[in-house]
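Peer 1: You'll find entry-v5.pdb just under this line, and it carries PDB, C-alpha atoms.
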MODEL        1
ATOM      1  CA  MET A  14     -89.403  27.666 -28.290
ATOM      2  CA  ASP A  15     -86.371  25.746 -27.023
ATOM      3  CA  GLN A  16     -87.669  22.542 -28.565
ATOM      4  CA  ASP A  17     -88.361  24.279 -31.894
ATOM      5  CA  SER A  18     -84.861  25.778 -31.908
ATOM      6  CA  HIS A  19     -83.347  22.411 -31.160
ATOM      7  CA  CYS A  20     -85.260  20.779 -34.038
ATOM      8  CA  THR A  21     -84.242  23.572 -36.393
ATOM      9  CA  ALA A  22     -80.561  23.229 -35.463
ATOM     10  CA  GLU A  23     -80.699  19.464 -35.890
ATOM     11  CA  SER A  24     -82.387  19.868 -39.268
ATOM     12  CA  GLU A  25     -79.708  22.298 -40.424
ATOM     13  CA  LEU A  26     -76.939  19.933 -39.290
ATOM     14  CA  LEU A  27     -78.463  17.008 -41.167
ATOM     15  CA  GLU A  28     -78.857  19.158 -44.258
ATOM     16  CA  ALA A  29     -75.179  20.215 -44.075
ATOM     17  CA  VAL A  30     -74.003  16.607 -43.751
ATOM     18  CA  SER A  31     -76.251  15.683 -46.663
ATOM     19  CA  ARG A  32     -74.730  18.406 -48.811
ATOM     20  CA  ILE A  33     -71.185  17.230 -48.040
ATOM     21  CA  THR A  34     -72.094  13.609 -48.672
ATOM     22  CA  THR A  35     -73.818  14.460 -51.939
ATOM     23  CA  PHE A  36     -70.820  16.496 -53.075
ATOM     24  CA  SER A  37     -68.313  13.743 -52.287
ATOM     25  CA  VAL A  38     -70.377  11.099 -54.070
ATOM     26  CA  THR A  39     -71.551  13.004 -57.124
ATOM     27  CA  SER A  40     -68.794  15.491 -57.789
ATOM     28  CA  PRO A  41     -66.166  12.998 -59.035
ATOM     29  CA  THR A  42     -68.705  11.408 -61.370
ATOM     30  CA  ASP A  43     -69.590  14.787 -62.854
ATOM     31  CA  GLU A  44     -65.909  15.577 -63.309
ATOM     32  CA  GLU A  45     -65.310  12.200 -64.875
ATOM     33  CA  GLN A  46     -68.062  12.808 -67.408
ATOM     34  CA  ASN A  47     -66.596  16.187 -68.279
ATOM     35  CA  GLN A  48     -62.936  15.115 -68.229
ATOM     36  CA  PRO A  49     -62.625  13.845 -71.842
ATOM     37  CA  LYS A  50     -64.043  17.163 -73.051
ATOM     38  CA  ALA A  51     -61.545  19.078 -70.928
ATOM     39  CA  GLU A  52     -58.601  17.105 -72.264
ATOM     40  CA  ASN A  53     -59.732  17.077 -75.888
ATOM     41  CA  SER A  54     -60.691  20.745 -75.979
ATOM     42  CA  ARG A  55     -58.175  23.533 -76.294
ATOM     43  CA  PRO A  56     -56.176  25.107 -74.860
ATOM     44  CA  VAL A  57     -54.801  22.059 -73.081
ATOM     45  CA  ARG A  58     -52.896  24.181 -70.533
ATOM     46  CA  LYS A  59     -56.162  24.864 -68.687
ATOM     47  CA  GLU A  60     -56.403  21.231 -67.576
ATOM     48  CA  ASN A  61     -55.960  20.674 -63.835
ATOM     49  CA  PRO A  62     -53.919  17.482 -63.232
ATOM     50  CA  GLU A  63     -54.410  17.600 -59.457
ATOM     51  CA  LYS A  64     -58.157  17.585 -59.951
ATOM     52  CA  ASP A  65     -57.903  14.573 -62.265
ATOM     53  CA  ASP A  66     -55.886  12.534 -59.773
ATOM     54  CA  LEU A  67     -58.249  13.494 -56.962
ATOM     55  CA  GLN A  68     -61.131  12.281 -59.071
ATOM     56  CA  ASP A  69     -59.433   8.927 -59.744
ATOM     57  CA  SER A  70     -58.714   8.275 -56.085
ATOM     58  CA  SER A  71     -62.295   9.120 -55.122
ATOM     59  CA  ALA A  72     -63.535   6.276 -57.306
ATOM     60  CA  CYS A  73     -62.241   3.823 -54.687
ATOM     61  CA  LEU A  74     -63.958   5.576 -51.796
ATOM     62  CA  SER A  75     -66.303   3.528 -49.674
ATOM     63  CA  PRO A  76     -69.917   4.767 -49.326
ATOM     64  CA  ASN A  77     -69.699   8.229 -47.805
ATOM     65  CA  SER A  78     -73.059   7.897 -46.130
ATOM     66  CA  LEU A  79     -71.210   5.947 -43.417
ATOM     67  CA  MET A  80     -68.847   8.852 -42.752
ATOM     68  CA  THR A  81     -69.328  11.722 -40.334
ATOM     69  CA  THR A  82     -68.844  15.317 -41.451
ATOM     70  CA  LYS A  83     -65.458  15.472 -39.745
ATOM     71  CA  GLU A  84     -64.323  12.228 -41.363
ATOM     72  CA  LEU A  85     -65.346  13.486 -44.796
ATOM     73  CA  GLN A  86     -63.433  16.718 -44.355
ATOM     74  CA  GLU A  87     -60.336  14.855 -43.187
ATOM     75  CA  TYR A  88     -60.629  12.429 -46.102
ATOM     76  CA  TRP A  89     -60.665  15.204 -48.710
ATOM     77  CA  ARG A  90     -57.791  17.012 -47.003
ATOM     78  CA  ASN A  91     -55.687  13.859 -47.195
ATOM     79  CA  GLU A  92     -56.627  13.242 -50.825
ATOM     80  CA  LYS A  93     -55.694  16.771 -51.859
ATOM     81  CA  ARG A  94     -52.410  16.519 -49.950
ATOM     82  CA  GLN A  95     -51.520  13.243 -51.668
ATOM     83  CA  CYS A  96     -52.335  14.658 -55.082
ATOM     84  CA  ARG A  97     -50.063  17.640 -54.523
ATOM     85  CA  GLN A  98     -47.211  15.374 -53.501
ATOM     86  CA  VAL A  99     -47.202  13.348 -56.735
ATOM     87  CA  LYS A 100     -47.232  16.291 -59.117
ATOM     88  CA  LEU A 101     -43.973  16.398 -61.051
ATOM     89  CA  LEU A 102     -42.043  19.348 -62.413
ATOM     90  CA  PHE A 103     -39.625  19.229 -65.333
ATOM     91  CA  GLU A 104     -36.577  21.460 -65.607
ATOM     92  CA  ILE A 105     -33.867  21.574 -68.291
ATOM     93  CA  PRO A 106     -31.038  23.561 -66.690
ATOM     94  CA  SER A 107     -28.202  22.674 -69.042
ATOM     95  CA  THR A 108     -27.083  20.984 -72.252
ATOM     96  CA  ARG A 109     -23.940  19.511 -73.699
ATOM     97  CA  ILE A 110     -22.800  18.972 -77.282
ATOM     98  CA  VAL A 111     -21.698  15.430 -78.106
ATOM     99  CA  GLU A 112     -19.458  14.558 -81.044
ATOM    100  CA  HIS A 113     -19.344  10.852 -81.773
ATOM    101  CA  HIS A 114     -17.535   9.641 -84.897
ATOM    102  CA  LEU A 115     -19.346  11.407 -87.736
ATOM    103  CA  SER A 116     -22.369  12.533 -85.693
ATOM    104  CA  LYS A 117     -22.876  15.619 -83.586
ATOM    105  CA  TYR A 118     -25.880  16.336 -81.385
ATOM    106  CA  VAL A 119     -27.089  18.163 -78.271
ATOM    107  CA  MET A 120     -27.954  16.322 -75.059
ATOM    108  CA  TYR A 121     -30.538  18.014 -72.841
ATOM    109  CA  LYS A 122     -30.255  17.468 -69.092
ATOM    110  CA  ILE A 123     -33.749  16.934 -67.647
ATOM    111  CA  ILE A 124     -34.376  17.197 -63.912
ATOM    112  CA  ILE A 125     -37.641  15.694 -62.665
ATOM    113  CA  LEU A 126     -38.715  16.564 -59.165
ATOM    114  CA  GLN A 127     -41.804  16.185 -57.037
ATOM    115  CA  THR A 128     -43.761  19.155 -55.733
ATOM    116  CA  GLY A 129     -45.517  19.384 -52.379
ATOM    117  CA  SER A 130     -42.482  18.228 -50.411
ATOM    118  CA  PHE A 131     -38.713  18.528 -50.282
ATOM    119  CA  ASP A 132     -37.779  16.033 -52.978
ATOM    120  CA  SER A 133     -34.238  14.921 -52.215
ATOM    121  CA  ASN A 134     -34.591  12.024 -54.668
ATOM    122  CA  LYS A 135     -34.923  14.080 -57.819
ATOM    123  CA  SER A 136     -34.333  12.209 -61.061
ATOM    124  CA  VAL A 137     -31.807  13.351 -63.641
ATOM    125  CA  ILE A 138     -31.828  12.020 -67.202
ATOM    126  CA  GLU A 139     -30.471  13.111 -70.571
ATOM    127  CA  ARG A 140     -32.262  13.049 -73.917
ATOM    128  CA  ARG A 141     -31.357  14.320 -77.385
ATOM    129  CA  TYR A 142     -33.541  16.034 -79.967
ATOM    130  CA  SER A 143     -34.229  12.783 -81.843
ATOM    131  CA  ASP A 144     -35.551  11.192 -78.617
ATOM    132  CA  PHE A 145     -38.086  14.000 -78.225
ATOM    133  CA  GLU A 146     -38.937  13.678 -81.911
ATOM    134  CA  LYS A 147     -39.683   9.939 -81.589
ATOM    135  CA  LEU A 148     -41.813  10.596 -78.502
ATOM    136  CA  HIS A 149     -43.834  13.230 -80.352
ATOM    137  CA  ARG A 150     -44.387  10.978 -83.366
ATOM    138  CA  LYS A 151     -45.604   8.069 -81.218
ATOM    139  CA  LEU A 152     -47.924  10.307 -79.195
ATOM    140  CA  LEU A 153     -49.425  11.723 -82.387
ATOM    141  CA  GLU A 154     -50.244   8.184 -83.511
ATOM    142  CA  GLU A 155     -51.738   7.123 -80.172
ATOM    143  CA  PHE A 156     -53.341  10.375 -78.967
ATOM    144  CA  SER A 157     -54.175  12.329 -82.098
ATOM    145  CA  GLU A 158     -56.962  14.402 -80.540
ATOM    146  CA  GLU A 159     -55.046  15.306 -77.389
ATOM    147  CA  MET A 160     -51.955  16.228 -79.421
ATOM    148  CA  GLU A 161     -53.608  18.160 -82.239
ATOM    149  CA  ASP A 162     -52.620  21.585 -80.865
ATOM    150  CA  VAL A 163     -49.348  20.602 -79.182
ATOM    151  CA  THR A 164     -46.455  22.309 -80.917
ATOM    152  CA  PHE A 165     -43.036  20.740 -81.288
ATOM    153  CA  PRO A 166     -39.794  22.689 -81.846
ATOM    154  CA  LYS A 167     -38.718  22.113 -85.419
ATOM    155  CA  LYS A 168     -35.221  21.517 -86.662
ATOM    156  CA  THR A 169     -33.472  24.213 -88.628
ATOM    157  CA  LEU A 170     -31.260  23.629 -91.632
ATOM    158  CA  THR A 171     -28.426  25.571 -90.038
ATOM    159  CA  GLY A 172     -27.563  26.942 -86.621
ATOM    160  CA  ASN A 173     -28.723  23.936 -84.574
ATOM    161  CA  PHE A 174     -25.670  24.253 -82.327
ATOM    162  CA  THR A 175     -25.780  27.982 -81.714
ATOM    163  CA  GLU A 176     -26.325  29.119 -78.149
ATOM    164  CA  GLU A 177     -29.482  30.993 -79.148
ATOM    165  CA  ILE A 178     -31.164  27.953 -80.750
ATOM    166  CA  ILE A 179     -30.134  25.618 -77.919
ATOM    167  CA  ASN A 180     -31.541  27.972 -75.271
ATOM    168  CA  GLU A 181     -34.791  28.335 -77.199
ATOM    169  CA  ARG A 182     -35.149  24.555 -77.359
ATOM    170  CA  LYS A 183     -34.370  24.171 -73.664
ATOM    171  CA  LEU A 184     -37.368  26.335 -72.841
ATOM    172  CA  ALA A 185     -39.526  24.742 -75.534
ATOM    173  CA  PHE A 186     -38.807  21.178 -74.365
ATOM    174  CA  LYS A 187     -39.451  22.132 -70.730
ATOM    175  CA  ASP A 188     -42.861  23.540 -71.660
ATOM    176  CA  TYR A 189     -43.485  20.524 -73.895
ATOM    177  CA  LEU A 190     -42.883  18.012 -71.087
ATOM    178  CA  ARG A 191     -44.950  20.004 -68.615
ATOM    179  CA  LEU A 192     -47.814  20.151 -71.094
ATOM    180  CA  LEU A 193     -47.680  16.412 -71.770
ATOM    181  CA  TYR A 194     -47.643  15.674 -68.051
ATOM    182  CA  SER A 195     -50.686  17.897 -67.519
ATOM    183  CA  MET A 196     -52.771  15.523 -69.695
ATOM    184  CA  LYS A 197     -53.868  12.511 -67.671
ATOM    185  CA  TYR A 198     -54.062   9.937 -70.457
ATOM    186  CA  ILE A 199     -50.656  10.889 -71.798
ATOM    187  CA  ARG A 200     -48.758  11.032 -68.497
ATOM    188  CA  ARG A 201     -50.042   7.540 -67.677
ATOM    189  CA  SER A 202     -49.248   6.111 -71.110
ATOM    190  CA  LYS A 203     -46.496   3.577 -71.679
ATOM    191  CA  ILE A 204     -45.102   5.829 -74.423
ATOM    192  CA  PHE A 205     -44.503   8.744 -72.055
ATOM    193  CA  ILE A 206     -43.202   6.574 -69.192
ATOM    194  CA  ASP A 207     -40.840   4.706 -71.541
ATOM    195  CA  PHE A 208     -39.421   8.005 -72.803
ATOM    196  CA  LEU A 209     -38.449   8.924 -69.232
ATOM    197  CA  THR A 210     -37.201   5.531 -68.027
ATOM    198  CA  ARG A 211     -36.483   3.026 -70.821
ATOM    199  CA  PRO A 212     -32.927   4.113 -71.837
ATOM    200  CA  GLU A 213     -31.734   3.909 -68.235
ATOM    201  CA  LEU A 214     -33.465   0.557 -67.704
ATOM    202  CA  GLN A 215     -31.895  -0.834 -70.876
ATOM    203  CA  GLU A 216     -28.465   0.216 -69.622
ATOM    204  CA  ALA A 217     -29.118  -1.267 -66.170
ATOM    205  CA  TYR A 218     -30.267  -4.631 -67.499
ATOM    206  CA  GLY A 219     -27.320  -4.698 -69.881
ATOM    207  CA  CYS A 220     -25.007  -4.279 -66.882
ATOM    208  CA  LEU A 221     -26.915  -6.981 -64.990
ATOM    209  CA  ARG A 222     -26.500  -9.444 -67.870
ATOM    210  CA  GLY A 223     -22.792  -8.621 -67.959
ATOM    211  CA  GLY A 224     -22.358  -9.307 -64.243
ATOM    212  CA  GLN A 225     -21.794  -5.609 -63.419
ATOM    213  CA  TYR A 226     -24.153  -5.735 -60.445
ATOM    214  CA  THR A 227     -22.869  -2.623 -58.680
ATOM    215  CA  LYS A 228     -23.362  -0.444 -61.763
ATOM    216  CA  ALA A 229     -26.732  -2.039 -62.535
ATOM    217  CA  LEU A 230     -27.898  -1.479 -58.967
ATOM    218  CA  GLU A 231     -26.835   2.163 -59.027
ATOM    219  CA  ILE A 232     -28.934   2.839 -62.135
ATOM    220  CA  LEU A 233     -31.932   0.801 -60.965
ATOM    221  CA  LEU A 234     -32.085   2.636 -57.640
ATOM    222  CA  GLU A 235     -32.181   5.936 -59.512
ATOM    223  CA  VAL A 236     -34.929   4.762 -61.871
ATOM    224  CA  ILE A 237     -37.232   3.078 -59.345
ATOM    225  CA  GLY A 238     -38.126   6.344 -57.589
ATOM    226  CA  LEU A 239     -39.181   7.944 -60.864
ATOM    227  CA  GLN A 240     -41.095   4.818 -61.888
ATOM    228  CA  GLU A 241     -43.034   4.867 -58.616
ATOM    229  CA  ARG A 242     -44.073   8.473 -59.177
ATOM    230  CA  LEU A 243     -45.019   7.942 -62.808
ATOM    231  CA  THR A 244     -46.975   4.719 -62.291
ATOM    232  CA  ARG A 245     -49.054   5.800 -59.311
ATOM    233  CA  GLY A 246     -52.110   3.531 -59.161
ATOM    234  CA  ASN A 247     -50.377   0.726 -61.082
ATOM    235  CA  PRO A 248     -47.784  -0.734 -58.684
ATOM    236  CA  VAL A 249     -47.507  -4.026 -60.603
ATOM    237  CA  SER A 250     -45.639  -2.229 -63.385
ATOM    238  CA  ILE A 251     -42.592  -1.635 -61.143
ATOM    239  CA  VAL A 252     -42.285  -5.280 -60.034
ATOM    240  CA  PRO A 253     -39.629  -6.207 -62.664
ATOM    241  CA  THR A 254     -37.415  -3.318 -61.541
ATOM    242  CA  LEU A 255     -37.857  -4.185 -57.860
ATOM    243  CA  CYS A 256     -36.964  -7.817 -58.610
ATOM    244  CA  ALA A 257     -33.885  -6.768 -60.589
ATOM    245  CA  ILE A 258     -32.781  -4.797 -57.519
ATOM    246  CA  VAL A 259     -33.330  -7.938 -55.418
ATOM    247  CA  VAL A 260     -31.127  -9.933 -57.817
ATOM    248  CA  CYS A 261     -28.341  -7.332 -57.692
ATOM    249  CA  HIS A 262     -28.368  -7.088 -53.892
ATOM    250  CA  LYS A 263     -28.422 -10.884 -53.591
ATOM    251  CA  ASP A 264     -25.467 -11.367 -55.939
ATOM    252  CA  LEU A 265     -23.598  -8.590 -54.118
ATOM    253  CA  GLU A 266     -24.224 -10.518 -50.874
ATOM    254  CA  ASN A 267     -26.540  -7.943 -49.346
ATOM    255  CA  PRO A 268     -29.348 -10.276 -48.226
ATOM    256  CA  ALA A 269     -31.018  -7.761 -45.899
ATOM    257  CA  SER A 270     -31.378  -5.170 -48.677
ATOM    258  CA  ALA A 271     -32.491  -7.869 -51.113
ATOM    259  CA  PHE A 272     -35.183  -8.979 -48.657
ATOM    260  CA  GLU A 273     -36.355  -5.379 -48.148
ATOM    261  CA  TYR A 274     -36.971  -4.816 -51.867
ATOM    262  CA  GLY A 275     -38.416  -8.310 -52.201
ATOM    263  CA  GLU A 276     -41.058  -7.412 -49.614
ATOM    264  CA  LYS A 277     -41.957  -4.316 -51.627
ATOM    265  CA  ALA A 278     -42.343  -6.417 -54.768
ATOM    266  CA  LEU A 279     -44.496  -9.002 -52.969
ATOM    267  CA  SER A 280     -46.775  -6.269 -51.638
ATOM    268  CA  CYS A 281     -47.337  -5.129 -55.232
ATOM    269  CA  LEU A 282     -48.361  -8.676 -56.181
ATOM    270  CA  ARG A 283     -50.793  -9.355 -53.330
ATOM    271  CA  VAL A 284     -53.727  -9.794 -55.695
ATOM    272  CA  HIS A 285     -51.674 -10.774 -58.734
ATOM    273  CA  THR A 286     -50.502 -14.267 -57.825
ATOM    274  CA  SER A 287     -50.602 -15.349 -61.474
ATOM    275  CA  HIS A 288     -47.938 -12.784 -62.385
ATOM    276  CA  ARG A 289     -44.831 -14.363 -63.933
ATOM    277  CA  TYR A 290     -42.620 -12.918 -61.181
ATOM    278  CA  TYR A 291     -44.726 -14.156 -58.259
ATOM    279  CA  ILE A 292     -43.371 -17.708 -57.794
ATOM    280  CA  PRO A 293     -39.697 -16.927 -58.592
ATOM    281  CA  LEU A 294     -39.928 -14.043 -56.125
ATOM    282  CA  LEU A 295     -41.494 -16.254 -53.435
ATOM    283  CA  GLU A 296     -38.761 -18.853 -53.874
ATOM    284  CA  THR A 297     -36.057 -16.188 -53.599
ATOM    285  CA  MET A 298     -37.698 -14.666 -50.524
ATOM    286  CA  ILE A 299     -37.842 -18.072 -48.808
ATOM    287  CA  THR A 300     -34.107 -18.486 -49.350
ATOM    288  CA  LEU A 301     -33.357 -14.968 -48.091
ATOM    289  CA  ALA A 302     -35.649 -15.324 -45.055
ATOM    290  CA  TYR A 303     -33.957 -18.575 -44.076
ATOM    291  CA  GLU A 304     -30.519 -16.983 -44.477
ATOM    292  CA  LEU A 305     -31.532 -13.962 -42.360
ATOM    293  CA  GLY A 306     -33.238 -16.017 -39.657
ATOM    294  CA  LYS A 307     -36.644 -14.565 -40.508
ATOM    295  CA  ASP A 308     -40.008 -16.316 -40.724
ATOM    296  CA  PHE A 309     -39.912 -18.320 -43.958
ATOM    297  CA  LEU A 310     -42.717 -20.746 -43.120
ATOM    298  CA  SER A 311     -45.494 -18.319 -44.070
ATOM    299  CA  LEU A 312     -43.789 -17.748 -47.409
ATOM    300  CA  GLN A 313     -43.411 -21.512 -47.849
ATOM    301  CA  GLU A 314     -47.120 -21.965 -47.172
ATOM    302  CA  LYS A 315     -47.991 -19.439 -49.891
ATOM    303  CA  LEU A 316     -45.741 -21.282 -52.314
ATOM    304  CA  GLU A 317     -47.269 -24.681 -51.526
ATOM    305  CA  GLU A 318     -50.758 -23.212 -51.750
ATOM    306  CA  TRP A 319     -50.039 -21.842 -55.194
ATOM    307  CA  LYS A 320     -48.493 -25.110 -56.405
ATOM    308  CA  ALA A 321     -51.522 -27.057 -55.186
ATOM    309  CA  LYS A 322     -53.832 -24.942 -57.342
ATOM    310  CA  LYS A 323     -51.713 -24.895 -60.488
ATOM    311  CA  ASP A 324     -50.470 -27.569 -62.854
ATOM    312  CA  PRO A 325     -46.715 -28.156 -62.691
ATOM    313  CA  ILE A 326     -44.993 -25.793 -65.125
ATOM    314  CA  ARG A 327     -41.459 -24.701 -65.882
ATOM    315  CA  VAL A 328     -40.723 -21.767 -63.595
ATOM    316  CA  PHE A 329     -37.701 -19.568 -64.243
ATOM    317  CA  THR A 330     -35.577 -18.338 -61.379
ATOM    318  CA  LEU A 331     -35.779 -14.662 -60.484
ATOM    319  CA  LYS A 332     -32.393 -14.016 -62.056
ATOM    320  CA  GLU A 333     -33.348 -15.857 -65.248
ATOM    321  CA  LEU A 334     -36.413 -13.626 -65.572
ATOM    322  CA  ALA A 335     -34.438 -10.466 -64.870
ATOM    323  CA  VAL A 336     -31.798 -11.036 -67.534
ATOM    324  CA  ARG A 337     -34.561 -11.503 -70.118
ATOM    325  CA  GLU A 338     -35.916  -7.988 -69.614
ATOM    326  CA  TYR A 339     -35.146  -5.279 -72.176
ATOM    327  CA  VAL A 340     -33.328  -7.604 -74.559
ATOM    328  CA  GLN A 341     -33.115  -5.740 -77.858
TER
ENDMDL
END
Rewrite the structure of this file - the entire thing - as structure tokens.

Peer 2:
Amino acid sequence: MDQDSHCTAESELLEAVSRITTFSVTSPTDEEQNQPKAENSRPVRKENPEKDDLQDSSACLSPNSLMTTKELQEYWRNEKRQCRQVKLLFEIPSTRIVEHHLSKYVMYKIIILQTGSFDSNKSVIERRYSDFEKLHRKLLEEFSEEMEDVTFPKKTLTGNFTEEIINERKLAFKDYLRLLYSMKYIRRSKIFIDFLTRPELQEAYGCLRGGQYTKALEILLEVIGLQERLTRGNPVSIVPTLCAIVVCHKDLENPASAFEYGEKALSCLRVHTSHRYYIPLLETMITLAYELGKDFLSLQEKLEEWKAKKDPIRVFTLKELAVREYVQ
């Protein structure tokens, strides 16, 4: 009897592990097959963004058959925790009326913060009605199916500056942004990310070109945190901003800070050595490492290795690349 009980217990344990393994391997695929239907069907508010991000991260998982039950459970706990931490909330607490020459409009203050943790680095931006209108028009062109039931607050012929209308739009725009963010393909789109970051980046690069490095750096440091949250899974997209921060710190004679952000940029380009920023960044990092008394030989070796594989070409300096960004 003891032997039979032992065999039965072992069989049940193996079956439990098998069920967990099967779930972790097959469940994301099933969700992925159903995801387009969930996003294209209505109402959109029922979509679960945390579930989508969990599914995406599971695609990179190594074969689960090599994991123990405990390891699998810990893996999913970590994945769920990470997904909660990158969920963003949008608030519009206040507005202000701007009168400029012959124009008059309302600016909406948007606060973007991260849930799942105490987000001390919340992002604050301002957008006017016409900015939201342009965003909506572009999204309709690019994501017609996803946007077919998304309502947009319309303009009125009169009363646009009354407290009642402004408060109604505050709530409407907050719900609008939250709804857009809940749709995976939209929140990851360049259109949506540009709406939240491009005006500030244009101002920062304008300051950089004008030699106002302190002001440029202040804006860039505010934007980079939001960019990192919005472009999760695509770190290469934040390399230009990181390199602009390097340029500002370097010209402000803060080599240690410049080197710190340069390391972050290099880590984003580990497998993207053909990126236009890679060589200028390496050259800048060699200079900074030498100045700081750090190991520059390993960086020099990477540079020589790259040059040996490529034909000689005209390479811009990091600063030359930076000042070319966001030129209207």

Peer 1: Quick one, how far is atom CA of A:Val336 from atom CA of A:Ile206?

Peer 2: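 These atoms are spaced 21.0 Å apart.
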
Peer 1: Tell me which residues come within 10 Å of (-46.5, 14.4, -71.4), as a compact mmCIF listing (two decimals) with C-alpha atoms, keeping the file's coordinate frame, counting all atoms listed in the file in the file's coordinates.

Peer 2:
# COMPACT_ATOMS: atom_id res chain seq x y z
CA LEU A 148 -41.81 10.60 -78.50
CA HIS A 149 -43.83 13.23 -80.35
CA LEU A 152 -47.92 10.31 -79.19
CA MET A 160 -51.96 16.23 -79.42
CA ASP A 188 -42.86 23.54 -71.66
CA TYR A 189 -43.48 20.52 -73.90
CA LEU A 190 -42.88 18.01 -71.09
CA ARG A 191 -44.95 20.00 -68.61
CA LEU A 192 -47.81 20.15 -71.09
CA LEU A 193 -47.68 16.41 -71.77
CA TYR A 194 -47.64 15.67 -68.05
CA SER A 195 -50.69 17.90 -67.52
CA MET A 196 -52.77 15.52 -69.69
CA LYS A 197 -53.87 12.51 -67.67
CA TYR A 198 -54.06 9.94 -70.46
CA ILE A 199 -50.66 10.89 -71.80
CA ARG A 200 -48.76 11.03 -68.50
CA ARG A 201 -50.04 7.54 -67.68
CA SER A 202 -49.25 6.11 -71.11
CA ILE A 204 -45.10 5.83 -74.42
CA PHE A 205 -44.50 8.74 -72.06
CA ILE A 206 -43.20 6.57 -69.19
CA PHE A 208 -39.42 8.01 -72.80
CA LEU A 209 -38.45 8.92 -69.23

Peer 1: If you measure from atom CA of A:Leu102 to atom CA of A:Ala257, what distance in Å do you get, rounded to one decimal?

Peer 2: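 Between these atoms lies a distance of 27.4 Å.
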
Peer 1: As an exercise, work out the distance from atom CA of A:Leu221 to atom CA of A:Leu316 in Å and give it to one decimal place.

Peer 2: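 Separation of atom CA of A:Leu221 and atom CA of A:Leu316: 26.8 Å.
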
Peer 1: Adding 6 Å on each side of the box along x, y and z that holds all listed atoms of stretch 237-254 of chain A, could you give its centre and edge lengths in Å to one decimal, as lines of an AutoDock Vina configuration file?

Peer 2:
center_x = -44.7
center_y = 1.1
center_z = -60.5
size_x = 26.9
size_y = 26.7
size_z = 17.8

Peer 1: For A:Glu213, please output as JSON, numbers by chain all residues within 12 Å (counting all atoms listed in the file; exclusion window: fewer than 3 positions along the same chain).

Peer 2: {"A": [136, 137, 138, 139, 140, 206, 207, 208, 209, 210, 216, 217, 218, 219, 220, 228, 229, 230, 231, 232, 233, 234, 235, 236, 237, 239, 240, 254, 339]}

Peer 1: Quick one: everything within 7 Å of A:Glu104, counting only C-alpha atoms, minus sequence neighbours fewer than 2 positions away in the same chain. Send it as a PyMOL selection string.

Peer 2: chain A and resi 102+106+123-125+187

Peer 1: Using the chain letters and numbers from this file, what does the PyMOL selection byres ((chain A and resi 301) around 8) select? Give the answer as a ChimeraX atom specification.

Peer 2: /A:268-269,271-272,297-300,302-305

Peer 1: Selected residues, C-alpha atoms, written as an mmCIF file, keeping the file's coordinate frame, please.

Peer 2:
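The new file selection.cif reads:
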data_model
loop_
_atom_site.group_PDB
_atom_site.id
_atom_site.type_symbol
_atom_site.label_atom_id
_atom_site.label_comp_id
_atom_site.auth_asym_id
_atom_site.auth_seq_id
_atom_site.Cartn_x
_atom_site.Cartn_y
_atom_site.Cartn_z
ATOM 1 C CA PRO A 268 -29.348 -10.276 -48.226
ATOM 2 C CA ALA A 269 -31.018 -7.761 -45.899
ATOM 3 C CA ALA A 271 -32.491 -7.869 -51.113
ATOM 4 C CA PHE A 272 -35.183 -8.979 -48.657
ATOM 5 C CA THR A 297 -36.057 -16.188 -53.599
ATOM 6 C CA MET A 298 -37.698 -14.666 -50.524
ATOM 7 C CA ILE A 299 -37.842 -18.072 -48.808
ATOM 8 C CA THR A 300 -34.107 -18.486 -49.350
ATOM 9 C CA ALA A 302 -35.649 -15.324 -45.055
ATOM 10 C CA TYR A 303 -33.957 -18.575 -44.076
ATOM 11 C CA GLU A 304 -30.519 -16.983 -44.477
ATOM 12 C CA LEU A 305 -31.532 -13.962 -42.360
#

Peer 1: If the PyMOL selection byres ((chain A and resi 141) around 6) were run on this exact file, what residues would it hold? Put them as a short mmCIF file (atom, residue, chain, number, x, y, z; two decimals) with C-alpha atoms, in the frame of the given file.

Peer 2:
data_model
loop_
_atom_site.label_atom_id
_atom_site.label_comp_id
_atom_site.auth_asym_id
_atom_site.auth_seq_id
_atom_site.Cartn_x
_atom_site.Cartn_y
_atom_site.Cartn_z
CA VAL A 119 -27.09 18.16 -78.27
CA MET A 120 -27.95 16.32 -75.06
CA TYR A 121 -30.54 18.01 -72.84
CA ARG A 140 -32.26 13.05 -73.92
CA TYR A 142 -33.54 16.03 -79.97
CA SER A 143 -34.23 12.78 -81.84
CA ASP A 144 -35.55 11.19 -78.62
#

Peer 1: When distances are computed from all atoms listed in the file, which of A:Leu294, A:Leu310, A:Leu126, A:Ile178 shows the smallest separation from A:Phe329?

Peer 2: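 Smallest separation from A:Phe329 among the options: A:Leu294.
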